[in-house]
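Have a look at the structure below, then the notes.
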Amino acid sequence: MYDVMIIGGGFAGLAAATQLGRARRKVVVLDTGKPRNRFSPAAHGILGHDGVPPLEILAAGRRQLAAYSTVTTLPAEAVSVVGSEGDFTVTTRAHGTLSARRIILAHGVSDTLPAIPGLQACWGLSVLHCPYCHGYEVGDRRLGFLAFPGHELMMATLYRDWSSDLVMFANGGDVDAATRASLDTLGVRIIDAPVLEARHHEGHLTHIVTAEGAIERDAIFVAPKTAPSLDLYRQLGCVSSPGHSGDYITVGERQETSVPGVFAAGDLARPMHNATFATAAGVLAGTMAHHSLLFPTAA
């Protein structure tokens with residue numbers, strides 16, 4: 001019986017494990033080794049680690065975590081969970097069943113890109129989701145973005161801070177006259193035709209191909225649909241909330257879900273996704289899971 005089981009070994013999970021290891025609690029981390037940002041060659045905006053590959057940051061975190069003798073990391077995927085506060089049982093693919101008094105869900109989200117050939121091959125390299133994470137590296141280049149209905153003007157205004165050469169691909173969607181006029185004022189070109197392909201060379205975008213022809217672009221911003229990468233929160237009965245890209249697990253100020261003894265941290269528990277936010281939430285989830293073991297009525 002572990003004190004806390006952390007499902008997910010990304011930024012949030014390792015941060016939570018570090019706090020609990022320092023509290024000398026018996027912890028197990030289930031880590032599939034497939035973090036969401038594994039497709040990106042570098043992480044940006046992380047204090048002290050700007051430009052470092054995310055897998056290197058996580059590897060350093062695992063090495064440091066190994067110093068805490070009460071923490072065990074297993075290369076395992078959780079497939080099901082049952083139980084209640086004080087006695088949860090998780091079934092894994094590679095290590096049978098494991099039990100813990102508390103659970104922290106930190107396995108992140110999965111991204112679903114529009115069904116446009118070529119986008120997946122460029123994901124994290126030149127098909128990007130966050131200008132704060134990757135915009136500086138493509139600044140002043142030929143940029144584009146796929147329209148997100150109802151948010152076209154906001155997106156265009158935001159992305160214009162990184163390049164004045166900006167094209168919005170409406171992908172066959174409707175764009176009202178007021179939005180068109182505002183985009184024209186910003187100097188943003190609109191391509192209405194459906195997008196057929198993202199043409200690239202080894203993941204580096206060269207053209208966005210539409211029904212009306214090919215447009216040269218060096219990078220394009222796309223808003224993927226997201227969802228927690230595992231359905232464990234549903235198995236446990238945790239409440240979720242709708243976000244701009246998909247549902248996320250609802251947590252309180254202590255990172256605890258609607259189910260007593262179950263905490264959640266990282267992208268799956270926050271509509272705005274960011275590695276630094278995930279790390280901070282992991283620290284809080286680990287600390288509060290520890291407090292819940294000591295002061296049950298205060299958690």
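By order in the structure tokens, chains are A, B, ...; within a chain, residues start at 1; ligands start at 1, following the order shown.
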Residue contacts of segment 94-101 of chain A (12 Å, only C-alpha atoms) excluding same-chain residues fewer than 6 positions away, as a ChimeraX atom specification: /A:1-7,25-32,73-88,260-263,289-290,292-294,296
Can I get the residues of segment 172-281 of chain A within 7 Å of segment 121-125 of chain A, each with the closest pair of atoms and their distance in Å to one decimal, using only C-alpha atoms, sorted chain first then ascending number, as CSV?
residue,atom,partner,partner_atom,distance
A:Gly203,CA,A:Cys122,CA,4.1
A:His204,CA,A:Cys122,CA,6.1
A:Leu205,CA,A:Cys122,CA,6.8
Among the residues of segment 193-283 of chain A, find those DSSP assigns to alpha helix (DSSP H) from the backbone and print them as a PyMOL selection string. chain A and resi 232-236+275-283
With distances taken over only C-alpha atoms, which of A:Ala178, A:Gly172, A:Glu202, A:Tyr132 is nearest to Gly118 of chain A? A:Glu202
Spatial neighbours of Val109 of chain A, max dist 12 Å, only C-alpha atoms, sep filter under 6 positions, as number ranges by chain: A: 8, 10, 34-37, 224-231, 245-249, 265-274, 278
Spatial neighbours of Asp174 of chain A, max dist 10 Å, only C-alpha atoms, sep filter under 5 positions, as an MDAnalysis selection string: chainID A and resid 147 149:150 192
Keeping only all heavy atoms, take the residues you just selected and write them out as a PDB file, in the first residue's frame.
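Generated output (again.pdb):
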ATOM      1  N   ALA A 147      -8.348  29.038 -38.785  1.00  0.00           N
ATOM      2  CA  ALA A 147      -9.378  29.782 -38.066  1.00  0.00           C
ATOM      3  C   ALA A 147     -10.071  28.901 -37.039  1.00  0.00           C
ATOM      4  O   ALA A 147     -10.374  27.731 -37.292  1.00  0.00           O
ATOM      5  CB  ALA A 147     -10.400  30.340 -39.046  1.00  0.00           C
ATOM      6  N   PRO A 149     -13.469  29.093 -35.109  1.00  0.00           N
ATOM      7  CA  PRO A 149     -14.708  29.870 -35.218  1.00  0.00           C
ATOM      8  C   PRO A 149     -15.012  30.687 -33.961  1.00  0.00           C
ATOM      9  O   PRO A 149     -14.998  30.186 -32.843  1.00  0.00           O
ATOM     10  CB  PRO A 149     -15.770  28.787 -35.448  1.00  0.00           C
ATOM     11  CG  PRO A 149     -15.032  27.688 -36.135  1.00  0.00           C
ATOM     12  CD  PRO A 149     -13.664  27.690 -35.503  1.00  0.00           C
ATOM     13  N   GLY A 150     -15.256  31.983 -34.196  1.00  0.00           N
ATOM     14  CA  GLY A 150     -15.581  32.893 -33.116  1.00  0.00           C
ATOM     15  C   GLY A 150     -14.377  33.559 -32.484  1.00  0.00           C
ATOM     16  O   GLY A 150     -14.524  34.472 -31.666  1.00  0.00           O
ATOM     17  N   ASP A 192     -10.143  31.586 -48.023  1.00  0.00           N
ATOM     18  CA  ASP A 192     -11.414  30.945 -47.676  1.00  0.00           C
ATOM     19  C   ASP A 192     -11.479  29.469 -48.039  1.00  0.00           C
ATOM     20  O   ASP A 192     -12.195  28.698 -47.396  1.00  0.00           O
ATOM     21  CB  ASP A 192     -12.565  31.666 -48.382  1.00  0.00           C
ATOM     22  CG  ASP A 192     -12.818  33.047 -47.808  1.00  0.00           C
ATOM     23  OD1 ASP A 192     -13.193  33.127 -46.630  1.00  0.00           O
ATOM     24  OD2 ASP A 192     -12.623  34.044 -48.532  1.00  0.00           O
TER      25      ASP A 192
END
Who sits within 9 Å of segment 55-61 of chain A, only C-alpha atoms, same chain under 4 positions skipped, as a list of chain:residue names: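 Within the cut-off, the hits are A:Gly9, A:Gly10, A:Phe11, A:Leu14, A:Ala15, A:Thr18, A:Pro35, A:Asn37, A:Arg38, A:Pro41, A:Ala42, A:Ala43, A:His49, A:Leu65, A:Ala66.
Neighbours of segment 21-23 of chain A closer than or equal to 7 Å, with only C-alpha atoms counted and sequence neighbours fewer than 2 positions away skipped, come out as Ala17, Thr18, Gln19, Arg25, Tyr68, Thr70 and Val71 of chain A.
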All heavy atoms of the current selection, written as a PDB file, in the first residue's frame:
ATOM      1  N   ALA A  17       5.768  14.255  -7.130  1.00  0.00           N
ATOM      2  CA  ALA A  17       6.553  13.191  -6.515  1.00  0.00           C
ATOM      3  C   ALA A  17       7.715  13.755  -5.706  1.00  0.00           C
ATOM      4  O   ALA A  17       8.070  13.221  -4.642  1.00  0.00           O
ATOM      5  CB  ALA A  17       7.070  12.236  -7.583  1.00  0.00           C
ATOM      6  N   THR A  18       8.322  14.831  -6.194  1.00  0.00           N
ATOM      7  CA  THR A  18       9.442  15.438  -5.485  1.00  0.00           C
ATOM      8  C   THR A  18       9.007  15.962  -4.122  1.00  0.00           C
ATOM      9  O   THR A  18       9.693  15.757  -3.100  1.00  0.00           O
ATOM     10  CB  THR A  18      10.053  16.576  -6.321  1.00  0.00           C
ATOM     11  OG1 THR A  18      10.523  16.044  -7.563  1.00  0.00           O
ATOM     12  CG2 THR A  18      11.213  17.231  -5.591  1.00  0.00           C
ATOM     13  N   GLN A  19       7.860  16.635  -4.080  1.00  0.00           N
ATOM     14  CA  GLN A  19       7.365  17.137  -2.791  1.00  0.00           C
ATOM     15  C   GLN A  19       7.089  16.001  -1.821  1.00  0.00           C
ATOM     16  O   GLN A  19       7.445  16.069  -0.639  1.00  0.00           O
ATOM     17  CB  GLN A  19       6.083  17.956  -3.020  1.00  0.00           C
ATOM     18  CG  GLN A  19       6.259  19.184  -3.882  1.00  0.00           C
ATOM     19  CD  GLN A  19       7.296  20.133  -3.334  1.00  0.00           C
ATOM     20  OE1 GLN A  19       7.207  20.572  -2.190  1.00  0.00           O
ATOM     21  NE2 GLN A  19       8.285  20.465  -4.140  1.00  0.00           N
ATOM     22  N   ARG A  25       7.358  10.263   2.166  1.00  0.00           N
ATOM     23  CA  ARG A  25       6.192   9.402   1.991  1.00  0.00           C
ATOM     24  C   ARG A  25       6.455   8.348   0.915  1.00  0.00           C
ATOM     25  O   ARG A  25       7.211   8.575  -0.036  1.00  0.00           O
ATOM     26  CB  ARG A  25       4.976  10.243   1.607  1.00  0.00           C
ATOM     27  CG  ARG A  25       4.423  11.031   2.778  1.00  0.00           C
ATOM     28  CD  ARG A  25       3.811  10.100   3.812  1.00  0.00           C
ATOM     29  NE  ARG A  25       3.299  10.815   4.985  1.00  0.00           N
ATOM     30  CZ  ARG A  25       2.455  10.278   5.859  1.00  0.00           C
ATOM     31  NH1 ARG A  25       2.017   9.042   5.683  1.00  0.00           N
ATOM     32  NH2 ARG A  25       2.050  10.976   6.911  1.00  0.00           N
ATOM     33  N   TYR A  68      15.460  10.151  -3.695  1.00  0.00           N
ATOM     34  CA  TYR A  68      14.498   9.964  -2.606  1.00  0.00           C
ATOM     35  C   TYR A  68      14.098   8.490  -2.531  1.00  0.00           C
ATOM     36  O   TYR A  68      13.390   7.977  -3.403  1.00  0.00           O
ATOM     37  CB  TYR A  68      13.295  10.876  -2.822  1.00  0.00           C
ATOM     38  CG  TYR A  68      13.691  12.336  -2.851  1.00  0.00           C
ATOM     39  CD1 TYR A  68      13.811  13.031  -4.049  1.00  0.00           C
ATOM     40  CD2 TYR A  68      14.006  13.005  -1.671  1.00  0.00           C
ATOM     41  CE1 TYR A  68      14.210  14.358  -4.072  1.00  0.00           C
ATOM     42  CE2 TYR A  68      14.403  14.337  -1.682  1.00  0.00           C
ATOM     43  CZ  TYR A  68      14.509  15.004  -2.889  1.00  0.00           C
ATOM     44  OH  TYR A  68      14.923  16.299  -2.901  1.00  0.00           O
ATOM     45  N   THR A  70      12.075   6.758  -0.878  1.00  0.00           N
ATOM     46  CA  THR A  70      10.685   6.315  -0.696  1.00  0.00           C
ATOM     47  C   THR A  70       9.864   6.424  -1.977  1.00  0.00           C
ATOM     48  O   THR A  70       8.686   6.065  -1.985  1.00  0.00           O
ATOM     49  CB  THR A  70       9.989   7.146   0.402  1.00  0.00           C
ATOM     50  OG1 THR A  70      10.005   8.528   0.028  1.00  0.00           O
ATOM     51  CG2 THR A  70      10.690   6.963   1.734  1.00  0.00           C
ATOM     52  N   VAL A  71      10.496   6.924  -3.052  1.00  0.00           N
ATOM     53  CA  VAL A  71       9.778   7.112  -4.314  1.00  0.00           C
ATOM     54  C   VAL A  71      10.203   6.039  -5.312  1.00  0.00           C
ATOM     55  O   VAL A  71      11.395   5.835  -5.561  1.00  0.00           O
ATOM     56  CB  VAL A  71      10.041   8.505  -4.911  1.00  0.00           C
ATOM     57  CG1 VAL A  71       9.292   8.665  -6.242  1.00  0.00           C
ATOM     58  CG2 VAL A  71       9.615   9.592  -3.932  1.00  0.00           C
TER      59      VAL A  71
END
Taking the backbone alone, and naming residues the way the document does, which bits of segment 88-254 of chain A are strand (DSSP E or B) by DSSP, as a ChimeraX atom specification? /A:88-92,97-105,109-112,123,127-128,143-146,166-169,189-191,195-201,204-210,213-216,219-221,225-228,240-242,247-249
